[in-house]
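Structure data follow from input_38.txt (compact mmCIF, C-alpha atoms):
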```txt
# COMPACT_ATOMS: atom_id res chain seq x y z
CA MET A 19 -42.87 -26.98 -26.11
CA SER A 20 -40.33 -29.02 -28.09
CA GLY A 21 -40.74 -26.66 -31.04
CA THR A 22 -40.05 -23.68 -28.78
CA LEU A 23 -36.97 -25.34 -27.31
CA SER A 24 -35.77 -26.23 -30.77
CA GLN A 25 -36.19 -22.65 -31.90
CA ASN A 26 -34.33 -21.33 -28.83
CA GLY A 27 -31.57 -23.85 -29.41
CA LYS A 28 -31.20 -22.80 -33.03
CA ALA A 29 -31.07 -19.13 -32.00
CA ALA A 30 -28.37 -19.90 -29.38
CA LEU A 31 -26.28 -21.85 -31.89
CA LEU A 32 -26.61 -19.06 -34.44
CA SER A 33 -25.53 -16.49 -31.85
CA LEU A 34 -22.48 -18.58 -30.93
CA LEU A 35 -21.62 -19.01 -34.61
CA ILE A 36 -21.83 -15.26 -35.26
CA LEU A 37 -19.67 -14.61 -32.18
CA ALA A 38 -17.07 -17.18 -33.23
CA VAL A 39 -16.86 -15.87 -36.80
CA GLY A 40 -16.56 -12.30 -35.56
CA LEU A 41 -13.80 -13.14 -33.07
CA ILE A 42 -11.84 -15.17 -35.62
CA ALA A 43 -12.12 -12.40 -38.21
CA TRP A 44 -11.01 -9.86 -35.62
CA GLU A 45 -8.07 -12.01 -34.51
CA VAL A 46 -6.70 -12.68 -38.01
CA SER A 47 -7.16 -9.06 -39.10
CA ILE A 48 -4.66 -7.81 -36.48
CA PRO A 49 -1.12 -7.74 -37.91
CA ALA A 50 1.46 -9.69 -35.91
CA GLN A 51 3.48 -6.62 -34.99
CA GLN A 52 0.39 -5.00 -33.46
CA ALA A 53 -0.30 -8.02 -31.29
CA ALA A 54 3.28 -8.19 -30.04
CA GLY A 55 2.60 -6.45 -26.72
CA GLU A 56 2.37 -3.11 -25.01
CA MET A 57 4.86 -0.30 -25.55
CA THR A 58 7.47 0.35 -22.92
CA GLU A 59 7.47 3.62 -21.00
CA TYR A 60 10.56 4.76 -22.95
CA GLU A 61 8.83 4.05 -26.27
CA ARG A 62 5.81 6.07 -25.17
CA LEU A 63 7.96 9.04 -24.18
CA MET A 64 9.97 8.88 -27.40
CA GLY A 65 6.94 8.33 -29.61
CA GLY A 66 8.29 4.96 -30.70
CA GLY A 67 6.67 1.59 -31.05
CA SER A 68 4.18 2.85 -33.62
CA PRO A 69 3.98 -0.52 -35.46
CA ARG A 70 2.55 -2.01 -32.28
CA ALA A 71 0.01 0.74 -31.66
CA GLY A 72 -3.42 -0.35 -32.77
CA ILE A 73 -6.51 -2.30 -31.90
CA PRO A 74 -5.59 -5.32 -29.74
CA ALA A 75 -6.55 -8.81 -30.78
CA PRO A 76 -9.32 -10.72 -28.96
CA SER A 77 -6.69 -12.91 -27.34
CA GLN A 78 -5.15 -9.83 -25.72
CA VAL A 79 -8.54 -8.62 -24.53
CA ALA A 80 -9.28 -12.09 -23.12
CA ALA A 81 -5.93 -12.06 -21.27
CA LYS A 82 -6.73 -8.62 -19.85
CA ALA A 83 -10.21 -9.81 -18.83
CA TRP A 84 -8.72 -12.81 -17.01
CA GLU A 85 -6.22 -10.56 -15.26
CA GLN A 86 -8.89 -8.10 -14.13
CA LEU A 87 -11.59 -10.61 -13.19
CA SER A 88 -9.19 -12.82 -11.24
CA ASN A 89 -8.81 -10.00 -8.70
CA PRO A 90 -11.64 -7.51 -9.34
CA PHE A 91 -11.54 -5.75 -5.97
CA TYR A 92 -7.87 -4.86 -5.58
CA ASP A 93 -7.03 -1.31 -4.50
CA ALA A 94 -3.53 -0.09 -5.27
CA GLY A 95 -4.18 3.64 -4.99
CA PRO A 96 -6.43 6.39 -6.37
CA ASN A 97 -5.76 5.58 -10.04
CA ASP A 98 -5.37 1.82 -9.76
CA LYS A 99 -8.48 -0.01 -8.60
CA GLY A 100 -10.04 -3.26 -9.74
CA ILE A 101 -12.92 -3.44 -12.16
CA GLY A 102 -15.23 -4.66 -9.39
CA ILE A 103 -14.60 -1.53 -7.31
CA GLN A 104 -15.12 0.71 -10.33
CA LEU A 105 -18.41 -0.96 -11.24
CA ALA A 106 -19.57 -0.83 -7.62
CA HIS A 107 -19.00 2.94 -7.49
CA SER A 108 -20.90 3.43 -10.74
CA LEU A 109 -23.80 1.20 -9.68
CA GLY A 110 -23.99 2.99 -6.34
CA ARG A 111 -24.34 6.36 -8.05
CA VAL A 112 -26.85 5.02 -10.55
CA LEU A 113 -29.05 3.34 -7.95
CA THR A 114 -28.97 6.38 -5.65
CA GLY A 115 -29.96 8.86 -8.36
CA TYR A 116 -32.43 6.39 -9.84
CA GLY A 117 -34.06 5.72 -6.47
CA LEU A 118 -34.47 9.43 -5.79
CA ALA A 119 -35.99 9.90 -9.24
CA ALA A 120 -38.45 7.04 -8.69
CA ALA A 121 -39.47 8.44 -5.29
CA LEU A 122 -40.48 11.70 -6.99
CA ALA A 123 -41.56 10.58 -10.47
CA ILE A 124 -44.02 7.83 -9.53
CA PRO A 125 -46.15 9.81 -7.02
CA LEU A 126 -46.04 12.87 -9.29
CA GLY A 127 -46.99 10.69 -12.25
CA PHE A 128 -49.99 9.44 -10.29
CA LEU A 129 -51.04 13.02 -9.62
CA ILE A 130 -50.68 14.02 -13.27
CA GLY A 131 -52.49 10.88 -14.49
CA MET A 132 -55.42 11.32 -12.13
CA SER A 133 -55.81 15.10 -12.40
CA PRO A 134 -56.28 16.83 -15.77
CA VAL A 135 -55.67 20.16 -14.04
CA ALA A 136 -52.30 19.00 -12.70
CA TYR A 137 -51.40 17.67 -16.15
CA LYS A 138 -52.17 20.97 -17.86
CA ALA A 139 -50.30 22.93 -15.18
CA LEU A 140 -47.14 20.80 -15.17
CA ASN A 141 -46.94 19.77 -18.81
CA PRO A 142 -45.21 23.00 -20.03
CA PHE A 143 -42.42 22.53 -17.47
CA ILE A 144 -42.03 18.87 -18.41
CA GLN A 145 -41.82 19.63 -22.12
CA VAL A 146 -39.15 22.30 -21.56
CA LEU A 147 -36.96 20.30 -19.16
CA ARG A 148 -37.28 16.83 -20.70
CA PRO A 149 -35.29 17.44 -23.94
CA ILE A 150 -32.28 18.94 -22.12
CA SER A 151 -29.24 16.66 -22.27
CA PRO A 152 -28.42 15.37 -18.77
CA LEU A 153 -24.75 16.29 -19.21
CA ALA A 154 -25.75 19.89 -19.87
CA TRP A 155 -26.69 20.03 -16.18
CA MET A 156 -23.24 18.92 -15.05
CA PRO A 157 -21.48 22.34 -15.04
CA LEU A 158 -24.36 23.92 -13.12
CA ALA A 159 -24.48 20.99 -10.70
CA LEU A 160 -20.75 21.20 -10.04
CA PHE A 161 -21.02 24.95 -9.40
CA VAL A 162 -24.06 24.74 -7.12
CA ILE A 163 -23.38 21.46 -5.29
CA GLN A 164 -19.58 21.76 -5.37
CA ASP A 165 -19.17 18.00 -5.01
CA SER A 166 -18.40 15.69 -7.91
CA GLU A 167 -20.06 12.63 -6.34
CA ALA A 168 -23.32 14.45 -5.59
CA SER A 169 -23.23 16.15 -9.01
CA ALA A 170 -23.01 12.78 -10.78
CA ILE A 171 -25.93 11.51 -8.70
CA PHE A 172 -27.94 14.62 -9.61
CA VAL A 173 -27.30 14.02 -13.31
CA ILE A 174 -28.58 10.45 -12.94
CA PHE A 175 -31.62 11.79 -11.08
CA ILE A 176 -32.46 14.33 -13.77
CA CYS A 177 -32.11 11.85 -16.64
CA SER A 178 -34.05 9.07 -14.88
CA ILE A 179 -37.09 11.05 -13.85
CA TRP A 180 -38.74 11.75 -17.21
CA PRO A 181 -39.46 8.23 -18.56
CA MET A 182 -40.81 7.13 -15.18
CA LEU A 183 -42.91 10.27 -14.78
CA LEU A 184 -44.47 10.16 -18.24
CA ASN A 185 -45.07 6.40 -18.28
CA THR A 186 -46.65 6.51 -14.82
CA ALA A 187 -48.94 9.35 -15.86
CA PHE A 188 -49.84 7.53 -19.09
CA GLY A 189 -50.50 4.25 -17.28
CA VAL A 190 -52.63 5.86 -14.57
CA ALA A 191 -54.63 7.91 -17.07
CA GLY A 192 -55.26 4.75 -19.11
CA VAL A 193 -56.90 2.78 -16.31
CA ARG A 194 -60.48 1.97 -17.22
CA GLN A 195 -62.91 4.36 -15.57
CA ASP A 196 -65.29 1.45 -14.86
CA TRP A 197 -62.82 0.04 -12.34
CA VAL A 198 -62.46 3.38 -10.60
CA ASN A 199 -66.25 3.75 -10.47
CA VAL A 200 -66.57 0.31 -8.87
CA ALA A 201 -64.04 1.36 -6.22
CA ARG A 202 -66.11 4.46 -5.52
CA THR A 203 -69.25 2.36 -5.29
CA HIS A 204 -67.53 0.33 -2.58
CA GLU A 205 -66.65 3.62 -0.87
CA LEU A 206 -62.91 3.10 -1.10
CA GLY A 207 -60.83 6.15 -0.25
CA ALA A 208 -58.59 7.83 -2.79
CA LEU A 209 -55.41 6.28 -1.37
CA ARG A 210 -56.85 2.78 -1.23
CA THR A 211 -58.24 3.13 -4.74
CA ALA A 212 -54.82 4.20 -5.99
CA LEU A 213 -53.08 1.26 -4.28
CA THR A 214 -55.57 -1.54 -4.93
CA VAL A 215 -57.11 -0.59 -8.28
CA ILE A 216 -55.02 1.92 -10.21
CA LEU A 217 -51.51 0.75 -9.26
CA PRO A 218 -51.96 -2.92 -10.29
CA ALA A 219 -53.54 -1.88 -13.61
CA ALA A 220 -50.86 0.72 -14.36
CA ALA A 221 -47.93 -1.37 -13.07
CA PRO A 222 -46.81 -2.78 -16.47
CA THR A 223 -46.60 0.72 -17.95
CA ILE A 224 -44.82 2.05 -14.87
CA ILE A 225 -42.26 -0.78 -15.01
CA THR A 226 -41.66 -0.02 -18.69
CA GLY A 227 -40.82 3.56 -17.76
CA MET A 228 -38.51 2.34 -15.00
CA ARG A 229 -36.81 -0.01 -17.44
CA ILE A 230 -36.19 2.81 -19.91
CA SER A 231 -34.88 5.03 -17.11
CA ILE A 232 -32.34 2.51 -15.80
CA GLY A 233 -30.93 2.09 -19.31
CA ILE A 234 -30.57 5.84 -19.75
CA ALA A 235 -29.03 6.19 -16.28
CA TRP A 236 -26.40 3.54 -17.04
CA LEU A 237 -25.55 5.29 -20.30
CA VAL A 238 -25.23 8.69 -18.66
CA ILE A 239 -23.11 7.63 -15.67
CA VAL A 240 -20.26 6.57 -17.97
CA ALA A 241 -20.08 9.99 -19.59
CA ALA A 242 -20.55 11.78 -16.26
CA GLU A 243 -17.67 9.89 -14.65
CA MET A 244 -15.42 10.76 -17.56
CA LEU A 245 -16.08 14.41 -16.73
CA VAL A 246 -15.83 14.32 -12.93
CA GLY A 247 -13.10 11.66 -12.62
CA GLY A 248 -12.18 9.90 -9.40
CA THR A 249 -13.78 6.45 -9.51
CA GLY A 250 -16.30 4.56 -11.58
CA ILE A 251 -16.35 2.64 -14.83
CA GLY A 252 -16.45 5.84 -16.91
CA TYR A 253 -13.32 7.14 -15.21
CA TYR A 254 -11.73 3.69 -15.65
CA VAL A 255 -12.28 3.81 -19.42
CA TRP A 256 -10.85 7.32 -19.67
CA ASN A 257 -7.86 6.51 -17.44
CA GLU A 258 -6.97 3.39 -19.44
CA TRP A 259 -7.21 5.41 -22.66
CA ASN A 260 -4.75 7.92 -21.21
CA ASN A 261 -2.48 4.97 -20.39
CA LEU A 262 -2.78 3.79 -24.04
CA ASP A 263 -4.07 0.42 -22.81
CA LEU A 264 -6.65 -0.34 -25.48
CA ALA A 265 -7.14 -3.91 -24.27
CA SER A 266 -8.40 -2.53 -20.95
CA VAL A 267 -10.58 -0.01 -22.78
CA ILE A 268 -12.26 -2.74 -24.85
CA PHE A 269 -12.62 -4.97 -21.78
CA SER A 270 -14.29 -2.17 -19.82
CA ILE A 271 -16.63 -1.42 -22.74
CA LEU A 272 -17.70 -5.07 -22.73
CA MET A 273 -18.27 -4.91 -18.96
CA ILE A 274 -20.45 -1.81 -19.41
CA GLY A 275 -22.54 -3.70 -21.94
CA ILE A 276 -22.85 -6.80 -19.74
CA VAL A 277 -23.93 -4.83 -16.68
CA GLY A 278 -26.43 -2.86 -18.78
CA MET A 279 -27.85 -6.12 -20.13
CA ILE A 280 -28.22 -7.51 -16.60
CA LEU A 281 -30.05 -4.39 -15.40
CA ASP A 282 -32.38 -4.46 -18.40
CA SER A 283 -33.02 -8.19 -17.99
CA ALA A 284 -33.93 -7.69 -14.33
CA PHE A 285 -36.60 -5.15 -15.24
CA GLY A 286 -37.75 -7.36 -18.12
CA LEU A 287 -38.28 -10.21 -15.66
CA LEU A 288 -40.10 -7.87 -13.27
CA SER A 289 -42.33 -6.68 -16.11
CA ARG A 290 -43.32 -10.26 -16.95
CA ARG A 291 -44.04 -11.04 -13.31
CA LEU A 292 -46.28 -7.97 -12.95
CA ALA A 293 -48.24 -8.49 -16.14
CA TYR A 294 -51.81 -7.43 -15.37
CA ALA A 295 -54.70 -9.70 -16.23
CA GLU A 296 -58.17 -8.18 -16.31
```
Written form, C-alpha cells:
Amino acid sequence: MSGTLSQNGKAALLSLLILAVGLIAWEVSIPAQQAAGEMTEYERLMGGGSPRAGIPAPSQVAAKAWEQLSNPFYDAGPNDKGIGIQLAHSLGRVLTGYGLAAALAIPLGFLIGMSPVAYKALNPFIQVLRPISPLAWMPLALFVIQDSEASAIFVIFICSIWPMLLNTAFGVAGVRQDWVNVARTHELGALRTALTVILPAAAPTIITGMRISIGIAWLVIVAAEMLVGGTGIGYYVWNEWNNLDLASVIFSILMIGIVGMILDSAFGLLSRRLAYAE
C-alpha cells in the first residue's frame, strides 16, 4: 500500500511541476504591452491598440476566473449571464438528449445482442447512420423542429445513441451461453433472465458505451451552441470571442475541460463499482 501511495504522490508532484513550469513559461512569454489590459471601445472601433492584442497571460486568465466564479449565476440580460448559468443550460441539454438516447439505445442493444435476426436486419441502418457527423443533422433539425433548444437536444441524442447501442449489443452477445442455459433450466422468463443474468454480466460493457457517449455529447454541445446561439457554454465562448475577450475564452475552455473530466470520472467510478465477478 505504501508503495502505491508513494507512486501516486510522485505522479501528483510531477503533474504539479509540469503545470507550474507551463504556467511560468506562458507568463514570461507574453510581452508586457500585451498584458497591459483590454482595449477600450474607441480603440476597437478605430482598430487601435494592436500592441495589446494577443494571448492573455495566466495571471489575466486567473483574474477573469476569480471574477466569474465569485458570482457564477448572475443574469444581466440575454448576452450577459454567469458561467454557472451557461454551464447549467449546456448540462441540461446534454443530459436530456443523453437520457433519451439511453432509453432507446439500451433496450434496442439488448434486442440486437440477443437476436441474430434483429442484428442482421438493423446493422445496415446502423452502419449508414453511425458515421454521419452529428452537426450535419443540425440544419435538418432546425428546419423540421423549428426550435433551437430542441434541435440541440436532438443533435446530442443522435450522437449519444451509437456507442451505447453498439456496446450494449456487444456486451449482451458476449454473455456466456452457459449462464443463459442455467436460467432456462430454472424456468426463468425472458425478462427475468435479461434482468438477473444478462444485464449484470453485460453491465461493464454497457457502462463503457455510456461513458464514451457522454464524452461525445459534451464535445458536440459546444459546437451546437455556437451554431444555435442563445445560452450555453458554446455560445459563451463564441460571444466572448466576438467581444475580443480572450481571457474569458481561455477560462471557458478550461471550464469545458473540467466539466468533461468530472463527467468522465463519474462514469469511471460507476464502471469500477459495477465490475462483474464470475
Just the residues within 10 Å of Ile130 (chain A), please, counting all atoms listed in the file, with nothing from its chain fewer than 6 positions along; format it as a compact mmCIF listing (two decimals) with C-alpha atoms, in the coordinates of the input.
```
# COMPACT_ATOMS: atom_id res chain seq x y z
CA ILE A 124 -44.02 7.83 -9.53
CA ALA A 136 -52.30 19.00 -12.70
CA TYR A 137 -51.40 17.67 -16.15
CA LYS A 138 -52.17 20.97 -17.86
CA ALA A 139 -50.30 22.93 -15.18
CA LEU A 140 -47.14 20.80 -15.17
CA ASN A 141 -46.94 19.77 -18.81
CA LEU A 183 -42.91 10.27 -14.78
CA LEU A 184 -44.47 10.16 -18.24
CA THR A 186 -46.65 6.51 -14.82
CA ALA A 187 -48.94 9.35 -15.86
CA PHE A 188 -49.84 7.53 -19.09
CA VAL A 190 -52.63 5.86 -14.57
CA ALA A 191 -54.63 7.91 -17.07
```
Neighbours of Ile224 (chain A) within 6 Å (all atoms listed in the file; same-chain residues fewer than 3 positions away dropped), as a list in words?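 Listed by chain and then number, they are Asn185, Thr186, Ala221 and Gly227 of chain A.
Comparing A:Asn89, A:Ala29, A:Gly100, A:Val39 by their smallest distance to Thr249 (chain A), the closest is A:Gly100 (using all atoms listed in the file).
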What separation in Å, quoted to one decimal, exists between CA of Gly252 (chain A) and CA of Arg111 (chain A)?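 Atom-to-atom, CA of Gly252 (chain A) to CA of Arg111 (chain A), that is 11.9 Å.
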For region 33-40 of chain A, take all atoms listed in the file, fit an axis-aligned box around them, add 4 Å to each of the six sides, then output centre and edge lengths in Å rounded to one decimal, as lines of an AutoDock Vina configuration file.
```
center_x = -21.0
center_y = -15.7
center_z = -33.9
size_x = 17.0
size_y = 14.7
size_z = 13.9
```
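Going from CA of Ile234 (chain A) over to CA of Met273 (chain A), you cover 16.4 Å.
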One decimal, Å: what's the distance from CA of Ala219 (chain A) over to CA of Ile179 (chain A), could you say?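 According to the coordinates, CA of Ala219 (chain A) and CA of Ile179 (chain A) are separated by 20.9 Å.
Distances to Trp180 (chain A) were evaluated for A:Leu129, A:Leu158, A:Ala119, A:Leu281 using only C-alpha atoms, and the minimum falls at A:Ala119.
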Could you check the closest approach to Met182 (chain A) for each of A:Ile150, A:Leu217, A:Ile163, A:Met228 and tell me which residue wins, using only C-alpha atoms?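 Using only C-alpha atoms, the shortest distance to Met182 (chain A) belongs to A:Met228.
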Taking (-31.0, 2.6, -14.7) in the file's coordinates as the center, which residues reach within 12 Å of it, counting all atoms listed in the file, put as a PDB file with C-alpha atoms, in the coordinates of the input?
```
ATOM      1  CA  SER A 108     -20.900   3.430 -10.740  1.00  0.00           C
ATOM      2  CA  LEU A 109     -23.800   1.200  -9.680  1.00  0.00           C
ATOM      3  CA  GLY A 110     -23.990   2.990  -6.340  1.00  0.00           C
ATOM      4  CA  ARG A 111     -24.340   6.360  -8.050  1.00  0.00           C
ATOM      5  CA  VAL A 112     -26.850   5.020 -10.550  1.00  0.00           C
ATOM      6  CA  LEU A 113     -29.050   3.340  -7.950  1.00  0.00           C
ATOM      7  CA  THR A 114     -28.970   6.380  -5.650  1.00  0.00           C
ATOM      8  CA  GLY A 115     -29.960   8.860  -8.360  1.00  0.00           C
ATOM      9  CA  TYR A 116     -32.430   6.390  -9.840  1.00  0.00           C
ATOM     10  CA  GLY A 117     -34.060   5.720  -6.470  1.00  0.00           C
ATOM     11  CA  LEU A 118     -34.470   9.430  -5.790  1.00  0.00           C
ATOM     12  CA  ALA A 119     -35.990   9.900  -9.240  1.00  0.00           C
ATOM     13  CA  ALA A 120     -38.450   7.040  -8.690  1.00  0.00           C
ATOM     14  CA  ILE A 171     -25.930  11.510  -8.700  1.00  0.00           C
ATOM     15  CA  ILE A 174     -28.580  10.450 -12.940  1.00  0.00           C
ATOM     16  CA  PHE A 175     -31.620  11.790 -11.080  1.00  0.00           C
ATOM     17  CA  ILE A 176     -32.460  14.330 -13.770  1.00  0.00           C
ATOM     18  CA  CYS A 177     -32.110  11.850 -16.640  1.00  0.00           C
ATOM     19  CA  SER A 178     -34.050   9.070 -14.880  1.00  0.00           C
ATOM     20  CA  ILE A 179     -37.090  11.050 -13.850  1.00  0.00           C
ATOM     21  CA  PRO A 181     -39.460   8.230 -18.560  1.00  0.00           C
ATOM     22  CA  MET A 182     -40.810   7.130 -15.180  1.00  0.00           C
ATOM     23  CA  ILE A 225     -42.260  -0.780 -15.010  1.00  0.00           C
ATOM     24  CA  THR A 226     -41.660  -0.020 -18.690  1.00  0.00           C
ATOM     25  CA  GLY A 227     -40.820   3.560 -17.760  1.00  0.00           C
ATOM     26  CA  MET A 228     -38.510   2.340 -15.000  1.00  0.00           C
ATOM     27  CA  ARG A 229     -36.810  -0.010 -17.440  1.00  0.00           C
ATOM     28  CA  ILE A 230     -36.190   2.810 -19.910  1.00  0.00           C
ATOM     29  CA  SER A 231     -34.880   5.030 -17.110  1.00  0.00           C
ATOM     30  CA  ILE A 232     -32.340   2.510 -15.800  1.00  0.00           C
ATOM     31  CA  GLY A 233     -30.930   2.090 -19.310  1.00  0.00           C
ATOM     32  CA  ILE A 234     -30.570   5.840 -19.750  1.00  0.00           C
ATOM     33  CA  ALA A 235     -29.030   6.190 -16.280  1.00  0.00           C
ATOM     34  CA  TRP A 236     -26.400   3.540 -17.040  1.00  0.00           C
ATOM     35  CA  LEU A 237     -25.550   5.290 -20.300  1.00  0.00           C
ATOM     36  CA  VAL A 238     -25.230   8.690 -18.660  1.00  0.00           C
ATOM     37  CA  ILE A 239     -23.110   7.630 -15.670  1.00  0.00           C
ATOM     38  CA  VAL A 240     -20.260   6.570 -17.970  1.00  0.00           C
ATOM     39  CA  VAL A 277     -23.930  -4.830 -16.680  1.00  0.00           C
ATOM     40  CA  GLY A 278     -26.430  -2.860 -18.780  1.00  0.00           C
ATOM     41  CA  MET A 279     -27.850  -6.120 -20.130  1.00  0.00           C
ATOM     42  CA  ILE A 280     -28.220  -7.510 -16.600  1.00  0.00           C
ATOM     43  CA  LEU A 281     -30.050  -4.390 -15.400  1.00  0.00           C
ATOM     44  CA  ASP A 282     -32.380  -4.460 -18.400  1.00  0.00           C
ATOM     45  CA  SER A 283     -33.020  -8.190 -17.990  1.00  0.00           C
ATOM     46  CA  ALA A 284     -33.930  -7.690 -14.330  1.00  0.00           C
ATOM     47  CA  PHE A 285     -36.600  -5.150 -15.240  1.00  0.00           C
TER      48      PHE A 285
END
```
